[in-house]
$ cat data.cif   # mmCIF, N, CA and C atoms
data_query
loop_
_atom_site.label_atom_id
_atom_site.label_comp_id
_atom_site.auth_asym_id
_atom_site.auth_seq_id
_atom_site.Cartn_x
_atom_site.Cartn_y
_atom_site.Cartn_z
N MET A 1 105.49 94.41 93.34
CA MET A 1 104.57 95.52 93.36
C MET A 1 103.62 95.38 92.17
N THR A 2 102.35 95.64 92.41
CA THR A 2 101.36 95.55 91.34
C THR A 2 101.73 96.51 90.21
N ALA A 3 101.58 96.00 88.99
CA ALA A 3 101.81 96.82 87.79
C ALA A 3 100.51 96.84 86.99
N TYR A 4 100.42 97.82 86.10
CA TYR A 4 99.19 98.01 85.35
C TYR A 4 99.47 98.17 83.87
N ALA A 5 98.57 97.63 83.07
CA ALA A 5 98.54 97.88 81.63
C ALA A 5 97.32 98.76 81.40
N LEU A 6 97.55 99.93 80.83
CA LEU A 6 96.47 100.85 80.56
C LEU A 6 96.34 100.98 79.05
N GLY A 7 95.14 100.79 78.56
CA GLY A 7 94.87 100.93 77.14
C GLY A 7 93.88 102.05 76.90
N SER A 8 94.16 102.87 75.92
CA SER A 8 93.25 103.91 75.48
C SER A 8 92.92 103.61 74.03
N PHE A 9 91.66 103.31 73.76
CA PHE A 9 91.26 102.88 72.42
C PHE A 9 90.19 103.80 71.88
N ARG A 10 90.30 104.11 70.59
CA ARG A 10 89.38 105.05 69.95
C ARG A 10 89.24 104.69 68.48
N ASP A 11 88.29 105.29 67.86
CA ASP A 11 88.12 105.22 66.40
C ASP A 11 88.10 103.80 65.87
N ILE A 12 87.03 103.08 66.21
CA ILE A 12 86.88 101.76 65.60
C ILE A 12 86.66 102.00 64.11
N ALA A 13 87.59 101.50 63.31
CA ALA A 13 87.56 101.73 61.87
C ALA A 13 87.95 100.45 61.15
N PRO A 14 87.17 100.05 60.18
CA PRO A 14 87.48 98.81 59.46
C PRO A 14 88.66 98.99 58.50
N HIS A 15 89.88 98.97 59.03
CA HIS A 15 91.07 99.15 58.19
C HIS A 15 91.28 97.97 57.25
N ALA A 16 90.97 96.79 57.73
CA ALA A 16 91.11 95.60 56.88
C ALA A 16 89.75 95.28 56.29
N ALA A 17 89.75 94.55 55.20
CA ALA A 17 88.49 94.23 54.52
C ALA A 17 87.63 93.32 55.39
N GLY A 18 86.39 93.74 55.64
CA GLY A 18 85.40 92.92 56.33
C GLY A 18 85.75 92.52 57.75
N GLY A 19 84.77 92.01 58.45
CA GLY A 19 84.99 91.37 59.73
C GLY A 19 85.30 92.26 60.92
N THR A 20 85.07 93.56 60.85
CA THR A 20 85.45 94.44 61.96
C THR A 20 84.89 93.96 63.28
N HIS A 21 83.58 93.87 63.39
CA HIS A 21 82.96 93.49 64.65
C HIS A 21 83.26 92.05 65.02
N ARG A 22 83.32 91.19 64.05
CA ARG A 22 83.65 89.79 64.31
C ARG A 22 85.05 89.68 64.91
N ASP A 23 86.01 90.40 64.36
CA ASP A 23 87.38 90.35 64.87
C ASP A 23 87.48 90.92 66.28
N ILE A 24 86.80 92.04 66.52
CA ILE A 24 86.84 92.66 67.84
C ILE A 24 86.20 91.74 68.87
N LEU A 25 85.08 91.13 68.52
CA LEU A 25 84.43 90.19 69.44
C LEU A 25 85.32 88.99 69.73
N GLU A 26 86.00 88.48 68.71
CA GLU A 26 86.92 87.37 68.92
C GLU A 26 88.05 87.78 69.86
N TYR A 27 88.58 88.96 69.68
CA TYR A 27 89.63 89.49 70.56
C TYR A 27 89.14 89.52 72.00
N ILE A 28 87.96 90.08 72.22
CA ILE A 28 87.39 90.18 73.57
C ILE A 28 87.15 88.80 74.16
N GLU A 29 86.65 87.88 73.35
CA GLU A 29 86.38 86.52 73.84
C GLU A 29 87.65 85.78 74.24
N ARG A 30 88.76 86.04 73.59
CA ARG A 30 89.98 85.26 73.79
C ARG A 30 91.01 85.91 74.72
N ILE A 31 90.88 87.19 75.04
CA ILE A 31 91.96 87.87 75.77
C ILE A 31 92.16 87.33 77.19
N GLN A 32 91.08 86.99 77.90
CA GLN A 32 91.25 86.53 79.28
C GLN A 32 92.15 85.30 79.36
N ALA A 33 92.03 84.39 78.42
CA ALA A 33 92.88 83.19 78.42
C ALA A 33 94.36 83.54 78.27
N THR A 34 94.66 84.68 77.62
CA THR A 34 96.06 85.09 77.50
C THR A 34 96.56 85.74 78.79
N LEU A 35 95.66 86.32 79.57
CA LEU A 35 96.02 86.99 80.82
C LEU A 35 96.24 86.01 81.97
N ASP A 36 95.44 84.95 82.01
CA ASP A 36 95.45 84.02 83.14
C ASP A 36 96.83 83.50 83.52
N PRO A 37 97.67 83.06 82.58
CA PRO A 37 98.99 82.54 82.98
C PRO A 37 99.91 83.58 83.61
N PHE A 38 99.58 84.86 83.46
CA PHE A 38 100.43 85.94 83.96
C PHE A 38 99.80 86.69 85.13
N GLY A 39 98.69 86.16 85.66
CA GLY A 39 98.02 86.79 86.79
C GLY A 39 97.33 88.09 86.45
N GLY A 40 97.03 88.31 85.17
CA GLY A 40 96.38 89.55 84.76
C GLY A 40 94.89 89.50 85.01
N ARG A 41 94.35 90.64 85.47
CA ARG A 41 92.91 90.72 85.67
C ARG A 41 92.42 92.12 85.34
N PHE A 42 91.28 92.17 84.71
CA PHE A 42 90.69 93.45 84.33
C PHE A 42 90.22 94.20 85.57
N LEU A 43 90.56 95.48 85.65
CA LEU A 43 90.02 96.38 86.66
C LEU A 43 88.99 97.31 86.05
N VAL A 44 89.21 97.69 84.78
CA VAL A 44 88.28 98.52 84.02
C VAL A 44 88.23 97.95 82.61
N HIS A 45 87.01 97.75 82.11
CA HIS A 45 86.87 97.24 80.74
C HIS A 45 85.50 97.63 80.21
N GLY A 46 85.48 98.58 79.31
CA GLY A 46 84.24 98.96 78.66
C GLY A 46 83.36 99.89 79.48
N ALA A 47 83.85 100.42 80.58
CA ALA A 47 83.05 101.34 81.39
C ALA A 47 83.03 102.72 80.73
N GLU A 48 81.96 103.45 80.97
CA GLU A 48 81.87 104.82 80.47
C GLU A 48 82.88 105.69 81.20
N VAL A 49 83.57 106.53 80.47
CA VAL A 49 84.56 107.43 81.05
C VAL A 49 83.89 108.79 81.27
N HIS A 50 84.02 109.33 82.48
CA HIS A 50 83.47 110.64 82.81
C HIS A 50 84.63 111.62 82.92
N VAL A 51 84.80 112.44 81.91
CA VAL A 51 85.92 113.39 81.86
C VAL A 51 85.56 114.62 82.68
N VAL A 52 86.39 114.96 83.68
CA VAL A 52 86.14 116.14 84.50
C VAL A 52 87.16 117.25 84.24
N GLU A 53 88.27 116.92 83.61
CA GLU A 53 89.27 117.91 83.21
C GLU A 53 89.90 117.45 81.90
N GLY A 54 90.17 118.37 81.02
CA GLY A 54 90.85 118.04 79.77
C GLY A 54 89.98 117.21 78.85
N ALA A 55 90.66 116.43 78.01
CA ALA A 55 89.96 115.59 77.03
C ALA A 55 90.49 114.17 77.12
N TRP A 56 89.62 113.22 76.96
CA TRP A 56 90.01 111.82 76.92
C TRP A 56 89.39 111.22 75.67
N PRO A 57 90.21 110.96 74.68
CA PRO A 57 89.67 110.44 73.42
C PRO A 57 89.51 108.92 73.45
N GLY A 58 88.32 108.44 73.68
CA GLY A 58 88.11 107.01 73.55
C GLY A 58 87.76 106.30 74.84
N ASN A 59 87.98 104.99 74.81
CA ASN A 59 87.66 104.10 75.91
C ASN A 59 88.90 103.77 76.72
N LEU A 60 88.67 103.33 77.95
CA LEU A 60 89.76 102.99 78.85
C LEU A 60 89.68 101.52 79.24
N VAL A 61 90.84 100.87 79.21
CA VAL A 61 90.98 99.50 79.71
C VAL A 61 92.13 99.52 80.70
N LEU A 62 91.91 98.92 81.88
CA LEU A 62 92.95 98.86 82.89
C LEU A 62 93.06 97.42 83.39
N ILE A 63 94.26 96.86 83.28
CA ILE A 63 94.51 95.48 83.68
C ILE A 63 95.62 95.47 84.73
N ALA A 64 95.41 94.75 85.83
CA ALA A 64 96.42 94.64 86.89
C ALA A 64 97.20 93.34 86.71
N PHE A 65 98.49 93.40 87.00
CA PHE A 65 99.39 92.25 86.99
C PHE A 65 100.15 92.21 88.31
N PRO A 66 100.63 91.05 88.71
CA PRO A 66 101.40 90.96 89.95
C PRO A 66 102.63 91.88 89.96
N ASP A 67 103.26 92.07 88.80
CA ASP A 67 104.42 92.95 88.69
C ASP A 67 104.66 93.28 87.24
N LEU A 68 105.60 94.19 87.00
CA LEU A 68 105.87 94.67 85.64
C LEU A 68 106.41 93.56 84.74
N SER A 69 107.19 92.65 85.29
CA SER A 69 107.73 91.57 84.45
C SER A 69 106.61 90.67 83.94
N GLN A 70 105.57 90.46 84.73
CA GLN A 70 104.44 89.65 84.28
C GLN A 70 103.65 90.37 83.19
N ALA A 71 103.50 91.69 83.32
CA ALA A 71 102.80 92.47 82.29
C ALA A 71 103.56 92.38 80.96
N ARG A 72 104.86 92.57 81.04
CA ARG A 72 105.68 92.49 79.82
C ARG A 72 105.66 91.08 79.21
N ALA A 73 105.72 90.08 80.06
CA ALA A 73 105.70 88.69 79.57
C ALA A 73 104.36 88.38 78.91
N TRP A 74 103.26 88.88 79.47
CA TRP A 74 101.95 88.68 78.85
C TRP A 74 101.93 89.29 77.45
N TYR A 75 102.35 90.56 77.34
CA TYR A 75 102.30 91.23 76.04
C TYR A 75 103.16 90.51 75.01
N ALA A 76 104.30 90.00 75.42
CA ALA A 76 105.22 89.33 74.49
C ALA A 76 104.84 87.88 74.23
N SER A 77 103.89 87.34 74.98
CA SER A 77 103.55 85.93 74.84
C SER A 77 102.99 85.62 73.45
N PRO A 78 103.29 84.43 72.92
CA PRO A 78 102.73 84.06 71.61
C PRO A 78 101.20 84.11 71.58
N ALA A 79 100.56 83.75 72.68
CA ALA A 79 99.09 83.75 72.71
C ALA A 79 98.55 85.16 72.52
N TYR A 80 99.13 86.16 73.20
CA TYR A 80 98.63 87.51 73.03
C TYR A 80 99.08 88.10 71.70
N GLN A 81 100.28 87.85 71.29
CA GLN A 81 100.76 88.36 70.01
C GLN A 81 99.86 87.91 68.86
N ALA A 82 99.31 86.71 68.96
CA ALA A 82 98.40 86.21 67.92
C ALA A 82 97.09 86.99 67.89
N LEU A 83 96.69 87.58 69.02
CA LEU A 83 95.44 88.34 69.08
C LEU A 83 95.58 89.79 68.63
N ILE A 84 96.74 90.34 68.76
CA ILE A 84 96.93 91.77 68.52
C ILE A 84 96.35 92.24 67.18
N PRO A 85 96.56 91.54 66.07
CA PRO A 85 95.99 92.03 64.80
C PRO A 85 94.47 92.13 64.80
N LEU A 86 93.79 91.30 65.60
CA LEU A 86 92.33 91.39 65.67
C LEU A 86 91.88 92.75 66.19
N ARG A 87 92.71 93.37 67.01
CA ARG A 87 92.42 94.70 67.55
C ARG A 87 93.02 95.79 66.68
N THR A 88 94.31 95.69 66.38
CA THR A 88 95.01 96.80 65.72
C THR A 88 94.56 97.05 64.28
N GLU A 89 94.00 96.05 63.64
CA GLU A 89 93.53 96.26 62.27
C GLU A 89 92.21 97.04 62.23
N HIS A 90 91.58 97.23 63.40
CA HIS A 90 90.27 97.88 63.43
C HIS A 90 90.13 99.01 64.43
N VAL A 91 91.02 99.10 65.40
CA VAL A 91 90.89 100.09 66.46
C VAL A 91 92.22 100.80 66.66
N GLU A 92 92.18 102.14 66.69
CA GLU A 92 93.38 102.91 67.01
C GLU A 92 93.49 103.01 68.53
N GLY A 93 94.71 103.06 69.01
CA GLY A 93 94.88 103.20 70.45
C GLY A 93 96.32 103.10 70.87
N ALA A 94 96.49 103.08 72.18
CA ALA A 94 97.81 102.98 72.79
C ALA A 94 97.71 102.11 74.03
N ILE A 95 98.80 101.42 74.34
CA ILE A 95 98.89 100.62 75.56
C ILE A 95 100.18 101.03 76.26
N ILE A 96 100.07 101.27 77.56
CA ILE A 96 101.26 101.58 78.35
C ILE A 96 101.30 100.67 79.57
N PHE A 97 102.49 100.44 80.09
CA PHE A 97 102.68 99.70 81.33
C PHE A 97 103.26 100.64 82.37
N THR A 98 102.86 100.46 83.61
CA THR A 98 103.42 101.25 84.70
C THR A 98 103.35 100.47 86.00
N ASP A 99 104.31 100.74 86.87
CA ASP A 99 104.25 100.20 88.22
C ASP A 99 103.25 101.01 89.02
N GLY A 100 102.64 100.35 89.99
CA GLY A 100 101.78 101.05 90.93
C GLY A 100 102.65 101.59 92.06
N VAL A 101 102.01 102.07 93.10
CA VAL A 101 102.73 102.56 94.28
C VAL A 101 102.58 101.53 95.40
N ALA A 102 103.51 101.55 96.32
CA ALA A 102 103.50 100.62 97.45
C ALA A 102 102.38 100.99 98.42
N PRO A 103 101.90 100.02 99.19
CA PRO A 103 100.91 100.34 100.23
C PRO A 103 101.46 101.41 101.16
N GLY A 104 100.61 102.32 101.56
CA GLY A 104 101.03 103.39 102.45
C GLY A 104 101.71 104.56 101.75
N TYR A 105 101.75 104.55 100.42
CA TYR A 105 102.38 105.64 99.66
C TYR A 105 101.81 106.98 100.10
N ASP A 106 102.69 107.95 100.31
CA ASP A 106 102.31 109.32 100.68
C ASP A 106 103.01 110.27 99.72
N PRO A 107 102.27 110.98 98.87
CA PRO A 107 102.91 111.86 97.89
C PRO A 107 103.69 113.01 98.53
N SER A 108 103.42 113.34 99.78
CA SER A 108 104.18 114.43 100.40
C SER A 108 105.65 114.05 100.56
N HIS A 109 105.94 112.75 100.65
CA HIS A 109 107.34 112.32 100.74
C HIS A 109 108.08 112.62 99.44
N LEU A 110 107.41 112.46 98.31
CA LEU A 110 108.01 112.81 97.03
C LEU A 110 108.25 114.31 96.95
N ALA A 111 107.30 115.10 97.41
CA ALA A 111 107.48 116.55 97.39
C ALA A 111 108.69 116.96 98.23
N ALA A 112 108.85 116.34 99.40
CA ALA A 112 109.99 116.66 100.27
C ALA A 112 111.30 116.29 99.58
N LYS A 113 111.32 115.16 98.92
CA LYS A 113 112.53 114.73 98.21
C LYS A 113 112.86 115.71 97.08
N LEU A 114 111.85 116.14 96.34
CA LEU A 114 112.06 117.07 95.24
C LEU A 114 112.51 118.45 95.74
N ARG A 115 112.09 118.83 96.93
CA ARG A 115 112.49 120.12 97.50
C ARG A 115 113.97 120.11 97.90
N GLY A 116 114.49 118.93 98.20
CA GLY A 116 115.90 118.82 98.57
C GLY A 116 116.14 119.09 100.04
N PRO A 117 117.40 119.01 100.45
CA PRO A 117 117.72 119.12 101.88
C PRO A 117 117.43 120.49 102.48
N GLU A 118 117.42 121.53 101.67
CA GLU A 118 117.16 122.87 102.20
C GLU A 118 115.66 123.16 102.31
N GLY A 119 114.83 122.31 101.69
CA GLY A 119 113.39 122.50 101.77
C GLY A 119 112.86 123.62 100.91
N GLY A 120 113.64 124.07 99.94
CA GLY A 120 113.22 125.17 99.08
C GLY A 120 112.29 124.72 97.97
N THR A 121 112.05 125.62 97.05
CA THR A 121 111.20 125.33 95.91
C THR A 121 111.98 124.46 94.92
N PRO A 122 111.31 123.43 94.36
CA PRO A 122 112.00 122.58 93.37
C PRO A 122 112.48 123.39 92.17
N GLU A 123 113.61 122.99 91.65
CA GLU A 123 114.14 123.63 90.43
C GLU A 123 113.25 123.31 89.26
N ALA A 124 113.01 124.28 88.40
CA ALA A 124 112.18 124.06 87.21
C ALA A 124 113.02 123.56 86.08
#

$ encode --input "data.cif" --output "structure tokens"
Amino acid sequence: MTAYALGSFRDIAPHAAGGTHRDILEYIERIQATLDPFGGRFLVHGAEVHVVEGAWPGNLVLIAFPDLSQARAWYASPAYQALIPLRTEHVEGAIIFTDGVAPGYDPSHLAAKLRGPEGGTPEA
């Protein structure tokens, strides 16, 4: 099942001495080569975020992988681990992994499961 790495990045700040933009550009230039062996591909990268509810602090990056094990293997790979400081020394953010849903997913099936066999209101 397709899995996703979602990154939320904000507050580009030169935490380390010098080289902020140079380091970020190097990170961007080199990241695809770290994704290729794991089947990773960008779905969203650098697009403007249009917030319609709540607040979203920063930029969004979304990368698809063939499955969760490939996403985890990419993140743990020596090639990607070597790049991480180029980003983390200058940009605050978070990265999460999640599985996607299977083709034909219907959320009403989840609601029925949560209601239980009697079909009542889910317990809070």

$ residues_around --input "data.cif" --residues "stretch 18-31 of chain A" --least-positions-apart "5" --cutoff "8 Å" --atoms "only C-alpha atoms" --output "mmCIF file with N, CA and C atoms, keeping the file's coordinate frame"
data_model
loop_
_atom_site.group_PDB
_atom_site.id
_atom_site.type_symbol
_atom_site.label_atom_id
_atom_site.label_comp_id
_atom_site.auth_asym_id
_atom_site.auth_seq_id
_atom_site.Cartn_x
_atom_site.Cartn_y
_atom_site.Cartn_z
ATOM 1 N N ALA A 13 87.590 101.500 63.310
ATOM 2 C CA ALA A 13 87.560 101.730 61.870
ATOM 3 C C ALA A 13 87.950 100.450 61.150
ATOM 4 N N TYR A 80 99.130 86.160 73.200
ATOM 5 C CA TYR A 80 98.630 87.510 73.030
ATOM 6 C C TYR A 80 99.080 88.100 71.700
ATOM 7 N N LEU A 83 96.690 87.580 69.020
ATOM 8 C CA LEU A 83 95.440 88.340 69.080
ATOM 9 C C LEU A 83 95.580 89.790 68.630
ATOM 10 N N ILE A 84 96.740 90.340 68.760
ATOM 11 C CA ILE A 84 96.930 91.770 68.520
ATOM 12 C C ILE A 84 96.350 92.240 67.180
ATOM 13 N N LEU A 86 93.790 91.300 65.600
ATOM 14 C CA LEU A 86 92.330 91.390 65.670
ATOM 15 C C LEU A 86 91.880 92.750 66.190
ATOM 16 N N ARG A 87 92.710 93.370 67.010
ATOM 17 C CA ARG A 87 92.420 94.700 67.550
ATOM 18 C C ARG A 87 93.020 95.790 66.680
ATOM 19 N N HIS A 90 91.580 97.230 63.400
ATOM 20 C CA HIS A 90 90.270 97.880 63.430
ATOM 21 C C HIS A 90 90.130 99.010 64.430
#

$ select_by_dssp --input "data.cif" --residues "stretch 66-105 of chain A" --states "strand (DSSP E)" --output "JSON list (two decimals) with N, CA and C atoms, in the frame of the given file"
[["chain", "number", "residue", "atom", "x", "y", "z"],
["A", 91, "VAL", "N", 91.02, 99.10, 65.40],
["A", 91, "VAL", "CA", 90.89, 100.09, 66.46],
["A", 91, "VAL", "C", 92.22, 100.80, 66.66],
["A", 92, "GLU", "N", 92.18, 102.14, 66.69],
["A", 92, "GLU", "CA", 93.38, 102.91, 67.01],
["A", 92, "GLU", "C", 93.49, 103.01, 68.53],
["A", 93, "GLY", "N", 94.71, 103.06, 69.01],
["A", 93, "GLY", "CA", 94.88, 103.20, 70.45],
["A", 93, "GLY", "C", 96.32, 103.10, 70.87],
["A", 94, "ALA", "N", 96.49, 103.08, 72.18],
["A", 94, "ALA", "CA", 97.81, 102.98, 72.79],
["A", 94, "ALA", "C", 97.71, 102.11, 74.03],
["A", 95, "ILE", "N", 98.80, 101.42, 74.34],
["A", 95, "ILE", "CA", 98.89, 100.62, 75.56],
["A", 95, "ILE", "C", 100.18, 101.03, 76.26],
["A", 96, "ILE", "N", 100.07, 101.27, 77.56],
["A", 96, "ILE", "CA", 101.26, 101.58, 78.35],
["A", 96, "ILE", "C", 101.30, 100.67, 79.57],
["A", 97, "PHE", "N", 102.49, 100.44, 80.09],
["A", 97, "PHE", "CA", 102.68, 99.70, 81.33],
["A", 97, "PHE", "C", 103.26, 100.64, 82.37],
["A", 98, "THR", "N", 102.86, 100.46, 83.61],
["A", 98, "THR", "CA", 103.42, 101.25, 84.70],
["A", 98, "THR", "C", 103.35, 100.47, 86.00],
["A", 99, "ASP", "N", 104.31, 100.74, 86.87],
["A", 99, "ASP", "CA", 104.25, 100.20, 88.22],
["A", 99, "ASP", "C", 103.25, 101.01, 89.02]]

$ resolve_selection --input "data.cif" --expression "the PyMOL selection byres ((chain A and resi 67) around 5)" --output "ChimeraX atom specification"
/A:1-3,65-66,68-71

$ select_by_dssp --input "data.cif" --residues "chain A" --states "helix (DSSP H, G or I)" --output "ChimeraX atom specification"
/A:20-38,68-76,78-88,107-115

$ atom_distance --input "data.cif" --atom1 "atom CA of A:Arg10" --atom2 "atom CA of A:Phe42"
18.5 Å

$ resolve_selection --input "data.cif" --expression "the PyMOL selection byres ((chain A and resi 97-114) around 6)" --output "ChimeraX atom specification"
/A:1-6,95-96,115-116,122

$ resolve_selection --input "data.cif" --expression "the PyMOL selection byres ((chain A and resi 44) around 5)" --output "list in words"
Phe42, Leu43, His45, Gly46, Val61 and Leu62 of chain A

$ atom_distance --input "data.cif" --atom1 "atom CA of A:Gly40" --atom2 "atom CA of A:Pro78"
15.6 Å

$ closest_residue --input "data.cif" --among "A:Ala79, A:Ala55, A:Leu60, A:Val49" --to "A:Leu35" --atoms "only N, CA and C atoms"
A:Ala79

$ atom_distance --input "data.cif" --atom1 "atom CA of A:Pro57" --atom2 "atom C of A:Phe9"
6.8 Å

$ closest_residue --input "data.cif" --among "A:Ala64, A:Gly58, A:Thr88, A:Val52" --to "A:Asp11" --atoms "all atoms listed in the file"
A:Gly58
